[in-house]
Structure formats: structure tokens, C-alpha cells
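A.B. asks: One structure, pasted below without further comment.
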Amino acid sequence: GSGGEVGGGGGGGGGGAGGGRGVENSRGTPEPNGSHLLDDVVRHLTDRKQRISKAATACVSEFFWWLCDLPFIPMGLMVLLCAPWRARSMYKALGMARRWNPSVDAVAGSSCRWVVFEHLLVAVLDIPIIVLSTVLLITIYRAPVAWKQSQRRPLPEPLLAGDSLQVHRIVLSQVTSLIIDVPFFILALALSLTWRSPTLWRRIRNETEGPSRRVEVARVLLQVMIDVVAVVSVVLTTVTVWRAAVLWQRIGELKPRGRQETGRDQKKNAQVFGSIGNYEVRSARVEGRGSRVEGRGSR
């Protein structure tokens, strides 16, 4: 009897345990699953490969841009050493290039490289301009003109490295004018030894522009050549006798009558007509008209 009770009790206990497990399973207790672990491993490996590929791409691109930067490093050093007056503008331009493209390293790097290259070109142009400016200072008479032109406003638009190159153009133009002036200067010195010297220097003083002075030197040279031909003709005609009387009579008729025009009068009239040359041309026209009127009256 006691054994049956024990067996019955055990059976009841077993049934109760089985009922408890069924309740736990019905509540959804998670069981280990191998597919979720495999997905996590694959995702981790994929992310790692992407990070490695991005890092490799970054290394290769940065190495490429580093190679591109190599020639510009000595260029910048040359600007700093050979043209220190360009250092400040280059530093400002580099800062502006970085601020314009802060998020794009490639674009910012290209802009910085272009800034360095521009400043190197301008520095190369500065060196001969400095030499030519020294020549202008030595020759003296072209230096004031160059200084006045450099002070003119407004400045033209920037051409290279934020510089309008106005000083470069002024120095080149003045040096070109100086080279053109050299043969005329030699002619003026030679003409100073002739009888036309007072007329020459009076006309040069009355003119303010270089081209007008060159024209006056050429005109005086032409007048000296005509004078030489005229003197030779007068000598030969006088030697041959039979034309001498008529020649000297006509020369006597050409002498000016009344008060002769002085250099002061020419200068005053030149201010009205613009230049000595224009005044003399207009005076010749007036004299020609007067002679034609006299000729008609005699007829």
C-alpha cells in the first residue's frame, strides 16, 4: 500500500514537472540559433572590407596629391627667397584658397598650387623690371614721367596673382621710349653744333611730349639738309655770275619786314596752336594765301 502511494505520488510529480515545462515553452523562451551568428560575422567582415578599401583609396589619393605638391614646394621657397616682397600677398592668397574650399581637399590643393605658380611667374617678371627701373633712374629724365604714370587712378583689373602689372607696363613703355629716344638724342647733339642749334633747343623746350620732341628734331635735321643744299646752290650760282644778280635780288625780297618774331612770340603762339610745328604750318599757309592775294592784285 505504501509503495502504491509513493508511485502515485511520483507519477503526479512527474506530471506536474511536465506541465511546468510546457508552460515555459508556451511563454517563448529563446533557443540558440546559428543563422543569426553567421549574419553578424558576415556583416562585420563586410564593414571591415569597406573600411580597408576606403583607407587604401585615401592613402593612394593622398600619395598622388603629395606627388603633385612636390614641385610647388621649391616654387614657394623660391618666391620667399628671391622675391620676399611677394610673400605677404602669396600668404593671403593661400589662406583665401583654403577658406573658399574648406571641405574639398583636392580643389583647395589645386587652388593653392595655382596661387604658388602665379606668384612665381610674377616674381620672375619682377626681376627684369627691377633692372629696367634702375636704368630709368640712371637716365633720370624718364623717371619722373614713369612715377607720374604709376600714381594714376583707377588701377586696371588684376591680371596675375592679384596684380594688375601696371608698374611692369609703365616701365616697359618708358624703356621702349628711351630706346627710341637714343638716335634722336644723338641727332640733337650733332645738330647742336650747327647754326640751327638755338631753334632746335627752343622747340624742344616748348614741347612736353616725347613724340613731339622727336618730330622737332627730325624737322630741324631736314631744315639743316635743305640749308646745306641751298648754300651749295647759292655758291655755285654766284660763281657762274650770269644768274647771281637775279638770285640775290630774289633773296633780298625774302627778307622779313618790320619786327621779327622772337622765340618768346613763338612759345606764346605755340600755346594757342598746340605746338611750334602746327603754328609754323599755319603761318606758312597764311603767308602763302597772302602771296597769292598779292599776285592776284598785281594781275
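Note on naming: chains are A, B, ... as they come in the C-alpha cells, residues start from 1 per chain, ligands start from 1 in the order shown.
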Fewer than 5 positions away in the same chain doesn't count, so skip those; otherwise give me all residues within 12 Å of Leu222 of chain A, counting only C-alpha atoms, as a PDB file with all heavy atoms, in the first residue's frame.
C.D. replies:
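Below is the file selection03.pdb, written as the result:
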```pdb
ATOM      1  N   LEU A 187      71.213 112.705 -82.664  1.00  0.00           N
ATOM      2  CA  LEU A 187      70.976 113.709 -83.702  1.00  0.00           C
ATOM      3  C   LEU A 187      70.916 115.113 -83.101  1.00  0.00           C
ATOM      4  O   LEU A 187      71.442 116.071 -83.677  1.00  0.00           O
ATOM      5  CB  LEU A 187      69.669 113.406 -84.436  1.00  0.00           C
ATOM      6  CG  LEU A 187      69.686 112.238 -85.427  1.00  0.00           C
ATOM      7  CD1 LEU A 187      68.292 112.014 -85.991  1.00  0.00           C
ATOM      8  CD2 LEU A 187      70.674 112.503 -86.552  1.00  0.00           C
ATOM      9  N   LEU A 191      73.158 118.186 -84.125  1.00  0.00           N
ATOM     10  CA  LEU A 191      72.570 119.427 -84.618  1.00  0.00           C
ATOM     11  C   LEU A 191      72.918 120.619 -83.743  1.00  0.00           C
ATOM     12  O   LEU A 191      72.820 121.770 -84.190  1.00  0.00           O
ATOM     13  CB  LEU A 191      71.047 119.276 -84.703  1.00  0.00           C
ATOM     14  CG  LEU A 191      70.531 118.298 -85.758  1.00  0.00           C
ATOM     15  CD1 LEU A 191      69.027 118.121 -85.629  1.00  0.00           C
ATOM     16  CD2 LEU A 191      70.895 118.778 -87.168  1.00  0.00           C
ATOM     17  N   ARG A 196      71.553 125.797 -86.576  1.00  0.00           N
ATOM     18  CA  ARG A 196      70.161 125.592 -86.186  1.00  0.00           C
ATOM     19  C   ARG A 196      70.016 125.223 -84.710  1.00  0.00           C
ATOM     20  O   ARG A 196      68.916 124.884 -84.261  1.00  0.00           O
ATOM     21  CB  ARG A 196      69.546 124.486 -87.025  1.00  0.00           C
ATOM     22  CG  ARG A 196      69.335 124.842 -88.478  1.00  0.00           C
ATOM     23  CD  ARG A 196      68.077 125.643 -88.659  1.00  0.00           C
ATOM     24  NE  ARG A 196      67.804 125.940 -90.052  1.00  0.00           N
ATOM     25  CZ  ARG A 196      66.734 126.602 -90.478  1.00  0.00           C
ATOM     26  NH1 ARG A 196      65.849 127.021 -89.585  1.00  0.00           N
ATOM     27  NH2 ARG A 196      66.552 126.842 -91.746  1.00  0.00           N
ATOM     28  N   LEU A 200      66.571 124.543 -82.541  1.00  0.00           N
ATOM     29  CA  LEU A 200      66.325 123.171 -82.083  1.00  0.00           C
ATOM     30  C   LEU A 200      65.965 123.127 -80.603  1.00  0.00           C
ATOM     31  O   LEU A 200      64.920 122.568 -80.209  1.00  0.00           O
ATOM     32  CB  LEU A 200      67.565 122.316 -82.359  1.00  0.00           C
ATOM     33  CG  LEU A 200      67.552 120.922 -81.741  1.00  0.00           C
ATOM     34  CD1 LEU A 200      66.475 120.059 -82.373  1.00  0.00           C
ATOM     35  CD2 LEU A 200      68.919 120.259 -81.875  1.00  0.00           C
ATOM     36  N   VAL A 215      59.748 114.630 -83.367  1.00  0.00           N
ATOM     37  CA  VAL A 215      59.340 115.257 -84.626  1.00  0.00           C
ATOM     38  C   VAL A 215      60.104 116.555 -84.847  1.00  0.00           C
ATOM     39  O   VAL A 215      60.551 116.843 -85.973  1.00  0.00           O
ATOM     40  CB  VAL A 215      57.816 115.501 -84.615  1.00  0.00           C
ATOM     41  CG1 VAL A 215      57.401 116.371 -85.791  1.00  0.00           C
ATOM     42  CG2 VAL A 215      57.071 114.172 -84.662  1.00  0.00           C
ATOM     43  N   GLU A 216      60.288 117.337 -83.792  1.00  0.00           N
ATOM     44  CA  GLU A 216      61.012 118.596 -83.923  1.00  0.00           C
ATOM     45  C   GLU A 216      62.474 118.358 -84.300  1.00  0.00           C
ATOM     46  O   GLU A 216      63.042 119.081 -85.121  1.00  0.00           O
ATOM     47  CB  GLU A 216      60.926 119.402 -82.625  1.00  0.00           C
ATOM     48  CG  GLU A 216      59.528 119.874 -82.278  1.00  0.00           C
ATOM     49  CD  GLU A 216      58.937 120.757 -83.354  1.00  0.00           C
ATOM     50  OE1 GLU A 216      59.698 121.454 -84.062  1.00  0.00           O
ATOM     51  OE2 GLU A 216      57.708 120.754 -83.504  1.00  0.00           O
ATOM     52  N   VAL A 217      63.091 117.341 -83.706  1.00  0.00           N
ATOM     53  CA  VAL A 217      64.481 117.022 -84.069  1.00  0.00           C
ATOM     54  C   VAL A 217      64.569 116.618 -85.535  1.00  0.00           C
ATOM     55  O   VAL A 217      65.481 117.042 -86.268  1.00  0.00           O
ATOM     56  CB  VAL A 217      65.022 115.896 -83.161  1.00  0.00           C
ATOM     57  CG1 VAL A 217      66.396 115.434 -83.639  1.00  0.00           C
ATOM     58  CG2 VAL A 217      65.127 116.391 -81.718  1.00  0.00           C
ATOM     59  N   ASP A 227      69.272 123.508 -95.856  1.00  0.00           N
ATOM     60  CA  ASP A 227      70.200 124.648 -95.792  1.00  0.00           C
ATOM     61  C   ASP A 227      71.509 124.338 -96.518  1.00  0.00           C
ATOM     62  O   ASP A 227      72.049 125.200 -97.235  1.00  0.00           O
ATOM     63  CB  ASP A 227      70.492 125.001 -94.336  1.00  0.00           C
ATOM     64  CG  ASP A 227      69.293 125.645 -93.649  1.00  0.00           C
ATOM     65  OD1 ASP A 227      68.363 126.068 -94.360  1.00  0.00           O
ATOM     66  OD2 ASP A 227      69.283 125.683 -92.399  1.00  0.00           O
ATOM     67  N   VAL A 228      72.006 123.132 -96.333  1.00  0.00           N
ATOM     68  CA  VAL A 228      73.267 122.765 -96.987  1.00  0.00           C
ATOM     69  C   VAL A 228      73.112 122.793 -98.503  1.00  0.00           C
ATOM     70  O   VAL A 228      73.964 123.341 -99.244  1.00  0.00           O
ATOM     71  CB  VAL A 228      73.722 121.371 -96.501  1.00  0.00           C
ATOM     72  CG1 VAL A 228      74.920 120.877 -97.317  1.00  0.00           C
ATOM     73  CG2 VAL A 228      74.074 121.415 -95.023  1.00  0.00           C
ATOM     74  N   VAL A 229      72.004 122.203 -98.971  1.00  0.00           N
ATOM     75  CA  VAL A 229      71.755 122.208-100.428  1.00  0.00           C
ATOM     76  C   VAL A 229      71.601 123.642-100.937  1.00  0.00           C
ATOM     77  O   VAL A 229      72.117 124.011-102.014  1.00  0.00           O
ATOM     78  CB  VAL A 229      70.498 121.371-100.740  1.00  0.00           C
ATOM     79  CG1 VAL A 229      70.140 121.475-102.224  1.00  0.00           C
ATOM     80  CG2 VAL A 229      70.731 119.915-100.366  1.00  0.00           C
TER      81      VAL A 229
END
```
A.B. asks: Find the residues near Pro71 of chain A: any atom within 10 Å, counting only C-alpha atoms, skip ones fewer than 5 places away on the same chain, and give them as a list in words.
C.D. replies: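 So, after excluding close chain neighbours, the residues are Trp66, Gly76, Arg113 and Phe117 of chain A.
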A.B. asks: At what distance in Å, to one decimal, does atom CA of Ala190 of chain A lie from atom CA of Val234 of chain A?
C.D. replies: 24.1 Å
A.B. asks: Do you have, as a Markdown table, the list of residues of segment 68-140 of chain A lying at most 12 Å from segment 166-183 of chain A, each with its nearest atom pair and that distance in Å to one decimal, counting only C-alpha atoms and ordered by chain then number?
C.D. replies:
```
| residue | atom | partner | partner_atom | distance |
| --- | --- | --- | --- | --- |
| A:Val122 | CA | A:His168 | CA | 9.9 |
| A:Ala123 | CA | A:His168 | CA | 11.5 |
| A:Val124 | CA | A:His168 | CA | 11.7 |
| A:Leu125 | CA | A:His168 | CA | 8.0 |
| A:Asp126 | CA | A:His168 | CA | 7.7 |
| A:Ile127 | CA | A:His168 | CA | 10.4 |
| A:Pro128 | CA | A:His168 | CA | 9.4 |
| A:Ile129 | CA | A:His168 | CA | 6.2 |
| A:Ile130 | CA | A:Val171 | CA | 9.1 |
| A:Val131 | CA | A:Val171 | CA | 10.1 |
| A:Leu132 | CA | A:Val171 | CA | 7.0 |
| A:Ser133 | CA | A:Val171 | CA | 6.4 |
| A:Thr134 | CA | A:Val171 | CA | 10.1 |
| A:Val135 | CA | A:Val175 | CA | 8.2 |
| A:Leu136 | CA | A:Val175 | CA | 7.0 |
| A:Leu137 | CA | A:Val175 | CA | 10.8 |
| A:Ile138 | CA | A:Leu178 | CA | 11.7 |
| A:Thr139 | CA | A:Leu178 | CA | 8.7 |
| A:Ile140 | CA | A:Leu178 | CA | 10.7 |
```
A.B. asks: Restricted to C-alpha atoms, what would the selected residues look like written as a short mmCIF file (atom, residue, chain, number, x, y, z; two decimals), in the first residue's frame?
C.D. replies:
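Contents of selection-v2.cif, freshly written:
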```cif
data_model
loop_
_atom_site.label_atom_id
_atom_site.label_comp_id
_atom_site.auth_asym_id
_atom_site.auth_seq_id
_atom_site.Cartn_x
_atom_site.Cartn_y
_atom_site.Cartn_z
CA VAL A 122 55.11 87.44 -61.24
CA ALA A 123 58.36 87.14 -59.28
CA VAL A 124 60.17 86.13 -62.48
CA LEU A 125 58.69 89.20 -64.20
CA ASP A 126 59.69 91.42 -61.29
CA ILE A 127 63.43 90.77 -61.69
CA PRO A 128 63.89 92.30 -65.20
CA ILE A 129 61.50 95.12 -64.25
CA ILE A 130 63.76 95.98 -61.32
CA VAL A 131 66.79 96.08 -63.64
CA LEU A 132 64.95 98.26 -66.18
CA SER A 133 63.75 100.57 -63.40
CA THR A 134 67.38 101.03 -62.38
CA VAL A 135 68.19 102.03 -65.96
CA LEU A 136 65.37 104.59 -65.89
CA LEU A 137 66.68 106.04 -62.64
CA ILE A 138 70.19 106.32 -64.10
CA THR A 139 68.95 108.12 -67.23
CA ILE A 140 66.96 110.48 -64.94
#
```
A.B. asks: Counting only C-alpha atoms, which residue out of A:Val145, A:Cys59, A:Ile52, A:Leu70 sits closest to Gly210 of chain A?
C.D. replies: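 Distance minimum relative to Gly210 of chain A lands on A:Val145.
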A.B. asks: For the atom pair atom CA of Ala58 of chain A and atom CA of Cys112 of chain A, what is the interatomic distance in Å to one decimal place?
C.D. replies: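 Atom-to-atom, atom CA of Ala58 of chain A and atom CA of Cys112 of chain A are spaced 20.0 Å apart.
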